[in-house]
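Enquirer: Contents are compact mmCIF, C-alpha atoms; file name entry-v2.txt:
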```
# COMPACT_ATOMS: atom_id res chain seq x y z
CA MET C 1 -45.38 1.99 103.47
CA THR C 2 -43.00 4.67 104.69
CA GLY C 3 -45.48 7.55 104.33
CA PRO C 4 -47.95 6.90 107.13
CA GLN C 5 -45.30 5.40 109.32
CA ASN C 6 -43.19 8.53 109.08
CA ASP C 7 -46.19 10.67 109.87
CA ALA C 8 -46.86 8.58 112.93
CA ASP C 9 -43.24 8.89 114.01
CA VAL C 10 -43.29 12.65 113.63
CA LYS C 11 -46.54 12.87 115.52
CA THR C 12 -45.17 10.74 118.33
CA ALA C 13 -42.08 12.87 118.58
CA VAL C 14 -44.12 16.08 118.72
CA ASP C 15 -46.59 14.69 121.24
CA ALA C 16 -43.97 13.05 123.40
CA PRO C 17 -43.50 15.72 126.09
CA THR C 18 -47.23 16.29 126.62
CA ARG C 19 -47.95 12.61 126.51
CA ARG C 20 -45.45 11.90 129.24
CA VAL C 21 -47.12 14.44 131.53
CA THR C 22 -50.54 12.99 130.83
CA GLY C 23 -49.00 9.56 131.39
CA ILE C 24 -47.89 10.34 134.93
CA GLY C 25 -51.20 12.12 135.36
CA ARG C 26 -52.94 8.80 134.68
CA VAL C 27 -51.19 7.25 137.66
CA LEU C 28 -52.20 10.24 139.77
CA ILE C 29 -55.82 9.78 138.69
CA ALA C 30 -55.65 6.08 139.56
CA VAL C 31 -54.32 6.87 143.03
CA TYR C 32 -57.08 9.45 143.46
CA GLY C 33 -59.57 6.77 142.50
CA LEU C 34 -58.10 4.44 145.10
CA LEU C 35 -58.28 7.09 147.81
CA ALA C 36 -61.86 7.89 146.82
CA LEU C 37 -62.68 4.19 147.15
CA ALA C 38 -60.91 3.95 150.52
CA ALA C 39 -62.60 7.07 151.90
CA THR C 40 -66.01 5.97 150.62
CA GLY C 41 -65.63 2.48 152.07
CA ARG C 42 -64.52 3.73 155.46
CA SER C 43 -67.22 6.37 155.72
CA PHE C 44 -69.86 3.83 154.63
CA VAL C 45 -68.82 1.52 157.49
CA GLN C 46 -68.62 4.36 160.02
CA ILE C 47 -72.05 5.71 159.15
CA ALA C 48 -73.71 2.32 158.90
CA GLU C 49 -72.28 1.05 162.18
CA SER C 50 -71.90 3.91 164.60
CA PHE C 51 -72.95 7.26 163.19
CA ALA C 52 -74.37 8.40 166.55
CA ASP C 53 -70.94 8.03 168.22
CA ALA C 54 -69.36 10.87 166.34
CA PRO C 55 -71.66 12.66 163.92
CA LEU C 56 -69.11 15.41 163.25
CA SER C 57 -66.16 13.15 162.42
CA TYR C 58 -68.26 10.78 160.37
CA SER C 59 -70.05 13.51 158.43
CA LEU C 60 -66.65 14.91 157.65
CA SER C 61 -65.49 11.48 156.45
CA ALA C 62 -68.48 11.29 154.13
CA LEU C 63 -67.86 14.81 152.83
CA ALA C 64 -64.19 13.97 152.24
CA ALA C 65 -65.21 10.84 150.35
CA VAL C 66 -67.58 12.79 148.07
CA VAL C 67 -64.91 15.41 147.40
CA TYR C 68 -62.38 12.72 146.46
CA ILE C 69 -64.88 11.18 144.05
CA VAL C 70 -65.61 14.56 142.43
CA ALA C 71 -61.88 15.33 142.23
CA THR C 72 -61.23 11.99 140.51
CA ILE C 73 -63.97 12.66 137.95
CA ALA C 74 -62.74 16.22 137.40
CA LEU C 75 -59.20 14.98 136.73
CA VAL C 76 -60.45 12.47 134.17
CA ARG C 77 -62.67 14.93 132.30
CA SER C 78 -61.25 17.62 130.08
CA GLY C 79 -62.47 21.15 129.53
CA ARG C 80 -62.33 24.41 131.42
CA GLY C 81 -65.27 23.71 133.71
CA TRP C 82 -63.84 20.43 134.98
CA TYR C 83 -60.41 22.03 135.25
CA ARG C 84 -61.88 24.58 137.65
CA VAL C 85 -63.75 21.87 139.56
CA ALA C 86 -60.47 19.97 139.91
CA TRP C 87 -58.75 23.01 141.40
CA ILE C 88 -61.61 23.64 143.82
CA THR C 89 -61.89 20.05 145.05
CA ILE C 90 -58.13 19.53 145.34
CA GLY C 91 -57.77 22.90 147.10
CA PHE C 92 -60.54 21.84 149.46
CA GLU C 93 -58.71 18.60 150.19
CA LEU C 94 -55.46 20.39 150.99
CA LEU C 95 -57.34 22.81 153.24
CA GLY C 96 -59.15 19.91 154.88
CA VAL C 97 -56.05 17.87 155.60
CA LEU C 98 -54.19 20.94 156.94
CA VAL C 99 -57.03 22.25 159.12
CA ILE C 100 -58.29 18.90 160.44
CA GLY C 101 -54.75 17.57 160.74
CA THR C 102 -53.74 20.57 162.87
CA LEU C 103 -56.94 20.53 164.95
CA SER C 104 -56.59 16.81 165.62
CA LEU C 105 -53.14 17.46 167.08
CA VAL C 106 -53.94 20.69 168.96
CA ASP C 107 -57.26 19.51 170.39
CA PRO C 108 -57.50 15.70 170.13
CA ALA C 109 -60.81 15.71 172.03
CA LEU C 110 -62.45 17.33 169.04
CA PHE C 111 -61.76 14.37 166.76
CA GLN C 112 -61.59 11.26 168.89
CA HIS C 113 -62.90 9.22 166.02
CA LYS C 114 -60.72 8.98 163.02
CA THR C 115 -61.34 10.78 159.78
CA VAL C 116 -59.31 10.38 156.64
CA TRP C 117 -57.65 13.71 157.50
CA SER C 118 -56.77 13.09 161.18
CA VAL C 119 -53.09 13.73 162.02
CA PHE C 120 -52.51 14.78 158.39
CA GLY C 121 -53.79 11.48 157.06
CA ARG C 122 -51.43 9.25 159.04
CA GLY C 123 -53.88 6.36 158.85
CA TYR C 124 -53.46 6.43 155.08
CA GLY C 125 -49.68 6.72 154.95
CA PHE C 126 -49.93 10.52 154.61
CA VAL C 127 -51.24 10.02 151.08
CA PRO C 128 -54.07 12.53 151.73
CA LEU C 129 -51.44 15.18 152.50
CA VAL C 130 -49.15 14.48 149.54
CA LEU C 131 -51.80 13.84 146.91
CA PRO C 132 -53.34 17.35 146.77
CA LEU C 133 -49.87 18.84 146.32
CA LEU C 134 -49.12 16.44 143.46
CA GLY C 135 -52.56 17.15 142.03
CA MET C 136 -51.99 20.91 142.09
CA TRP C 137 -48.58 20.49 140.51
CA TRP C 138 -50.12 18.45 137.72
CA LEU C 139 -53.02 20.86 137.20
CA ALA C 140 -50.62 23.80 137.02
CA ARG C 141 -48.63 22.00 134.34
CA ARG C 142 -51.63 21.36 132.17
CA ALA C 143 -53.22 24.78 132.29
CA PRO C 144 -56.33 25.14 130.04
CA GLY C 145 -54.43 26.72 127.14
CA ARG C 146 -52.24 23.64 126.85
CA ALA C 147 -54.80 20.98 127.70
CA MET J 148 -59.85 -16.12 157.42
CA ILE J 149 -56.92 -18.51 157.11
CA GLU J 150 -53.87 -16.69 158.32
CA TRP J 151 -51.15 -18.41 156.29
CA PHE J 152 -53.25 -18.19 153.14
CA THR J 153 -53.76 -14.49 153.68
CA TRP J 154 -50.05 -13.90 154.23
CA ALA J 155 -49.23 -15.85 151.07
CA GLN J 156 -51.77 -13.73 149.26
CA VAL J 157 -50.22 -10.51 150.60
CA ALA J 158 -46.82 -11.77 149.39
CA VAL J 159 -48.20 -12.48 145.90
CA ALA J 160 -49.88 -9.05 145.76
CA VAL J 161 -46.72 -7.23 146.88
CA GLY J 162 -44.55 -9.25 144.48
CA GLY J 163 -46.93 -8.73 141.57
CA GLY J 164 -47.25 -5.04 142.44
CA LEU J 165 -43.50 -4.42 142.52
CA LEU J 166 -43.05 -6.43 139.31
CA CYS J 167 -45.70 -4.42 137.43
CA ILE J 168 -44.37 -1.08 138.68
CA ALA J 169 -40.83 -2.08 137.65
CA LEU J 170 -42.02 -3.25 134.22
CA GLY J 171 -44.04 -0.05 133.79
CA LEU J 172 -41.15 2.20 134.74
CA LEU J 173 -38.97 0.28 132.29
CA GLY J 174 -41.45 1.34 129.62
CA ARG J 175 -43.30 -1.93 129.06
CA LYS J 176 -46.88 -1.83 127.96
CA PRO J 177 -49.31 -4.19 129.72
CA THR J 178 -48.44 -7.75 128.71
CA ASP J 179 -49.66 -11.21 129.62
CA LEU J 180 -47.14 -11.12 132.47
CA SER J 181 -48.37 -7.92 134.12
CA MET J 182 -52.03 -8.62 133.36
CA GLY J 183 -51.48 -12.17 134.62
CA ALA J 184 -50.09 -10.87 137.91
CA ALA J 185 -53.19 -8.74 138.42
CA ALA J 186 -55.39 -11.68 137.39
CA LEU J 187 -53.67 -13.93 139.93
CA VAL J 188 -54.24 -11.33 142.66
CA GLU J 189 -57.91 -11.17 141.67
CA LEU J 190 -58.23 -14.96 141.62
CA LEU J 191 -56.77 -15.24 145.12
CA LEU J 192 -59.22 -12.56 146.28
CA LEU J 193 -62.09 -14.67 144.98
CA ALA J 194 -60.65 -17.62 146.92
CA GLN J 195 -60.47 -15.36 149.96
CA LEU J 196 -64.15 -14.52 149.50
CA VAL J 197 -65.02 -18.21 149.50
CA VAL J 198 -62.86 -18.76 152.60
CA ALA J 199 -64.50 -15.82 154.36
CA ILE J 200 -67.96 -17.22 153.64
CA VAL J 201 -67.11 -20.78 154.69
CA ALA J 202 -64.79 -20.08 157.66
CA PRO J 203 -67.47 -19.03 160.19
CA PHE J 204 -69.15 -22.45 159.75
CA THR J 205 -65.95 -24.15 160.89
CA GLY J 206 -65.71 -21.99 164.00
CA ASN J 207 -63.24 -19.53 162.47
CA THR J 208 -65.18 -16.33 163.09
CA ALA J 209 -64.15 -12.71 162.70
CA SER J 210 -63.28 -10.91 165.94
CA GLY J 211 -64.03 -7.53 164.42
CA SER J 212 -66.74 -5.93 162.33
CA LEU J 213 -67.95 -8.17 159.52
CA LEU J 214 -69.42 -5.18 157.73
CA GLU J 215 -66.04 -3.48 157.67
CA PHE J 216 -64.37 -6.72 156.57
CA TYR J 217 -66.70 -7.20 153.62
CA THR J 218 -66.47 -3.53 152.64
CA TYR J 219 -62.73 -4.05 152.31
CA LEU J 220 -63.13 -7.36 150.51
CA VAL J 221 -65.66 -6.07 147.97
CA SER J 222 -63.61 -2.92 147.36
CA ALA J 223 -60.46 -5.02 146.95
CA LEU J 224 -62.22 -7.23 144.41
CA LEU J 225 -63.01 -4.15 142.30
CA VAL J 226 -59.48 -2.74 142.27
CA PRO J 227 -57.59 -5.19 139.98
CA VAL J 228 -60.62 -5.37 137.66
CA ALA J 229 -60.69 -1.58 137.30
CA ALA J 230 -56.92 -1.49 136.68
CA ALA J 231 -57.18 -4.28 134.09
CA ILE J 232 -60.01 -2.52 132.22
CA TRP J 233 -57.87 0.61 132.24
CA ALA J 234 -54.93 -1.37 130.86
CA LEU J 235 -57.10 -2.74 128.04
CA ILE J 236 -58.39 0.71 127.10
CA GLU J 237 -55.10 2.56 127.32
CA ARG J 238 -52.12 0.49 126.30
CA SER J 239 -49.33 2.61 127.70
CA ARG J 240 -46.57 1.88 130.18
CA TRP J 241 -48.41 3.93 132.80
CA SER J 242 -51.21 1.39 132.68
CA THR J 243 -48.63 -1.19 133.76
CA VAL J 244 -47.65 1.07 136.68
CA ILE J 245 -51.34 1.38 137.56
CA LEU J 246 -51.70 -2.42 137.53
CA GLY J 247 -48.83 -2.53 140.02
CA ALA J 248 -50.35 0.19 142.21
CA ALA J 249 -53.61 -1.77 142.23
CA CYS J 250 -51.82 -4.93 143.43
CA LEU J 251 -50.07 -3.01 146.21
CA ALA J 252 -53.36 -1.45 147.28
CA VAL J 253 -54.88 -4.93 147.48
CA ALA J 254 -51.96 -6.03 149.69
CA VAL J 255 -52.65 -3.19 152.13
CA MET J 256 -56.36 -3.95 152.14
CA LEU J 257 -55.69 -7.64 152.82
CA TYR J 258 -53.51 -6.70 155.77
CA ARG J 259 -56.31 -4.53 157.16
CA MET J 260 -58.78 -7.39 156.61
CA LEU J 261 -56.54 -9.74 158.56
CA GLN J 262 -56.39 -7.21 161.40
CA ILE J 263 -60.15 -6.91 161.45
CA TRP J 264 -60.57 -10.67 161.46
CA THR J 265 -57.90 -11.57 164.04
CA VAL J 266 -56.86 -8.71 166.31
CA GLN J 267 -59.21 -6.06 167.54
CA GLY J 268 -58.78 -2.97 169.62
CA LEU J 269 -55.88 -1.51 167.64
```
Output the structure of this file as structure tokens.

Expert:
Amino acid sequence: MTGPQNDADVKTAVDAPTRRVTGIGRVLIAVYGLLALAATGRSFVQIAESFADAPLSYSLSALAAVVYIVATIALVRSGRGWYRVAWITIGFELLGVLVIGTLSLVDPALFQHKTVWSVFGRGYGFVPLVLPLLGMWWLARRAPGRA
Amino acid sequence: MIEWFTWAQVAVAVGGGLLCIALGLLGRKPTDLSMGAAALVELLLLAQLVVAIVAPFTGNTASGSLLEFYTYLVSALLVPVAAAIWALIERSRWSTVILGAACLAVAVMLYRMLQIWTVQGL
């Protein structure tokens, strides 16, 4: 009785640090999934109802939505390829929120219609600004050698 | 949309969300309590769907975009289900936190739905 149980205990102890990181990572992935859902839903409504009003903003919304979906998938999957995809998509998101966020403040006329990235994602409680940073932190911690 | 019902629903979703996040951070794996909270949120969403379908026939119509309203409602319906499936697959305390996050997300979506239904031009 004690044999397997001890093995399990030892294994748990050894795995513990990594498992905790993956654990928090799970929550991060879930939040990414939520944001992907939110961005997809919003861009679906924008495009279905009034695409002609603001093709630039709404195309950008759709692009953002696709990138969030890909980022979510990349975070779930393991392997070097997906790891790289995760970095690219999350980097793209950070770039997007910084560039569009700044532009929407400097030249509001350019983005009169809201995108997920306007004013650094204020419409989404600044989650779009914070999430890429958390994502990068998590990716850096589980570099391919360790993953 | 029935305003008091929606507010009650938001309260349940926020309460359930905070409860699940607290339980998760305390290290609890998903239990009947946390799964039940998410199930209750889902059940109320189904009731909301029925209300949304019936309400226009009683003269209680949406002031905003119905398409946007239903996009929120359908998305919201998916969220607790996805979190619950996750909790069944991976029985860790983080799944409990995710159940809580799902409930809170539903609360925010309900608030947006109420805005779409009642006040426009925000």

Enquirer: Excluding region 239-241 of chain J and its own-chain neighbours fewer than 5 positions away, which residues fall within 6 Å of it when counting all atoms listed in the file? Please give them as JSON, numbers by chain.

Expert: {"C": [23], "J": [171, 174, 175, 176]}

Enquirer: Under the rule that only C-alpha atoms are counted, which of C:Ala109, C:Leu63, C:Ala71, C:Leu98 is the nearest residue to Leu129 (chain C)?

Expert: C:Leu98

Enquirer: What are the residues of chain J that have an atom within 8 Å of an atom of chain C, counting all atoms listed in the file, as a PyMOL selection string?

Expert: chain J and resi 214-215+218-219+222+226+239+241-242+244-245+248+252

Enquirer: One decimal, in Å: what's the spacing between CA of Leu173 (chain J) and CA of Thr243 (chain J)?

Expert: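 Distance reported for this atom pair: 9.9 Å.
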
Enquirer: For region 181-193 of chain J, find every residue with an atom within 7 Å (counting only C-alpha atoms), except residues of its own chain fewer than 3 positions away, and show them as a ChimeraX atom specification.

Expert: /J:156,159-160,163,167,177-178,196-197,224,227,231,243,246,250

Enquirer: Report, in Å to a single decimal, how far apart CA of Ala36 (chain C) and CA of Tyr68 (chain C) are.

Expert: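 So the two atoms, CA of Tyr68 (chain C) and CA of Ala36 (chain C), lie 4.9 Å apart.
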
Enquirer: Choose the residue, out of C:Ser57, C:Ser78, C:Ser43, C:Ser50, that has the smallest atom-to-atom separation from Pro108 (chain C); count only C-alpha atoms.

Expert: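 Among the listed residues, C:Ser57 lies closest to Pro108 (chain C).
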